[in-house]
file work10.txt (compact mmCIF, C-alpha atoms)
# COMPACT_ATOMS: atom_id res chain seq x y z
CA MET L 253 85.41 -210.59 58.94
CA LYS L 254 88.56 -212.69 58.68
CA THR L 255 87.91 -213.67 55.05
CA GLU L 256 87.04 -210.13 53.99
CA TRP L 257 90.70 -209.38 53.13
CA ARG L 258 90.47 -211.77 50.18
CA ASN L 259 87.83 -209.60 48.53
CA ASN L 260 89.34 -206.22 49.38
CA GLN L 261 93.01 -206.60 48.53
CA LEU L 262 95.01 -203.52 47.67
CA PRO L 263 96.78 -203.40 44.31
CA PRO L 264 100.54 -203.93 44.44
CA PRO L 265 102.63 -200.78 44.60
CA GLU L 266 104.06 -199.48 41.35
CA GLY L 267 107.40 -200.84 40.23
CA THR L 268 107.18 -204.19 41.99
CA GLU L 269 107.91 -206.46 39.05
CA ASP L 270 109.41 -209.84 39.87
CA ARG L 271 112.78 -209.16 38.27
CA PRO L 272 112.99 -205.61 36.91
CA ASP L 273 116.70 -206.00 36.18
CA GLY L 274 116.05 -208.23 33.14
CA PHE L 275 117.24 -211.42 34.84
CA ILE L 276 114.78 -213.61 32.95
CA SER L 277 115.94 -212.42 29.54
CA ILE L 278 119.59 -212.92 30.51
CA ALA L 279 118.81 -216.40 31.84
CA VAL L 280 116.98 -217.36 28.64
CA LEU L 281 119.83 -216.04 26.51
CA ALA L 282 122.36 -218.00 28.56
CA PHE L 283 120.25 -221.14 28.24
CA VAL L 284 119.93 -220.71 24.47
CA LEU L 285 123.71 -220.36 24.15
CA VAL L 286 124.79 -223.04 26.61
CA ALA L 287 122.17 -225.75 26.02
CA PRO L 288 123.36 -226.68 22.51
CA LEU L 289 126.95 -226.80 23.74
CA ILE L 290 125.96 -229.27 26.43
CA TYR L 291 123.68 -231.32 24.17
CA PHE L 292 126.02 -231.47 21.19
CA GLY L 293 129.23 -231.59 23.24
CA PRO L 294 130.51 -234.94 21.96
CA GLN L 295 130.01 -233.91 18.32
CA LEU L 296 131.71 -230.52 18.67
CA GLY L 297 135.17 -232.07 18.40
CA ALA L 298 134.26 -233.61 15.05
CA VAL L 299 132.90 -230.29 13.79
CA GLU L 300 136.07 -228.53 14.89
CA VAL L 301 138.25 -231.01 13.00
CA TRP L 302 136.01 -230.65 9.96
CA LEU L 303 136.35 -226.84 10.02
CA ALA L 304 140.12 -227.08 10.47
CA ASP L 305 140.34 -229.40 7.46
CA ILE L 306 138.36 -226.93 5.36
CA PHE L 307 140.68 -224.12 6.45
CA ARG L 308 143.76 -226.15 5.54
CA THR L 309 142.29 -227.02 2.14
CA ILE L 310 141.46 -223.40 1.33
CA ASP L 311 144.87 -222.30 2.61
CA GLY L 312 146.49 -224.90 0.34
CA TRP L 313 144.62 -223.52 -2.67
CA ILE L 314 145.36 -219.89 -1.84
CA GLY L 315 148.99 -220.48 -0.83
CA PRO L 316 150.47 -220.43 -4.33
CA ILE L 317 148.45 -217.35 -5.28
CA ARG L 318 149.58 -215.58 -2.11
CA GLU L 319 153.21 -216.44 -2.86
CA LEU L 320 152.83 -215.14 -6.40
CA VAL L 321 151.22 -211.86 -5.33
CA PHE L 322 153.22 -211.11 -2.19
CA GLY L 323 156.34 -213.00 -3.28
call {"tool": "encode", "arguments": {"input": "work10.txt", "output": "structure tokens"}}
result
Amino acid sequence: MKTEWRNNQLPPPEGTEDRPDGFISIAVLAFVLVAPLIYFGPQLGAVEVWLADIFRTIDGWIGPIRELVFG
């Protein structure tokens, strides 16, 4: 009689999901965004300098045209 409960379990009540508030999807999204920042942290400074150099180069090319147009 004691082991009969294993065979005759009631189904769970409706609406009893583990995390109905979407916690898992938020946690996965946070991991996808933060994990590369942690893993590639040391290289991010080099990428930032590289992007700043590109911006300065493009600004140097566009500078004379901007001065000509907007005087």
call {"tool": "atom_distance", "arguments": {"input": "work10.txt", "atom1": "atom CA of Glu300 of chain L", "atom2": "atom CA of Pro288 of chain L"}}
result
14.9 Å
call {"tool": "atom_distance", "arguments": {"input": "work10.txt", "atom1": "atom CA of Ile290 of chain L", "atom2": "atom CA of Phe275 of chain L"}}
result
21.6 Å
call {"tool": "atom_distance", "arguments": {"input": "work10.txt", "atom1": "atom CA of Ile278 of chain L", "atom2": "atom CA of Ala298 of chain L"}}
result
29.7 Å
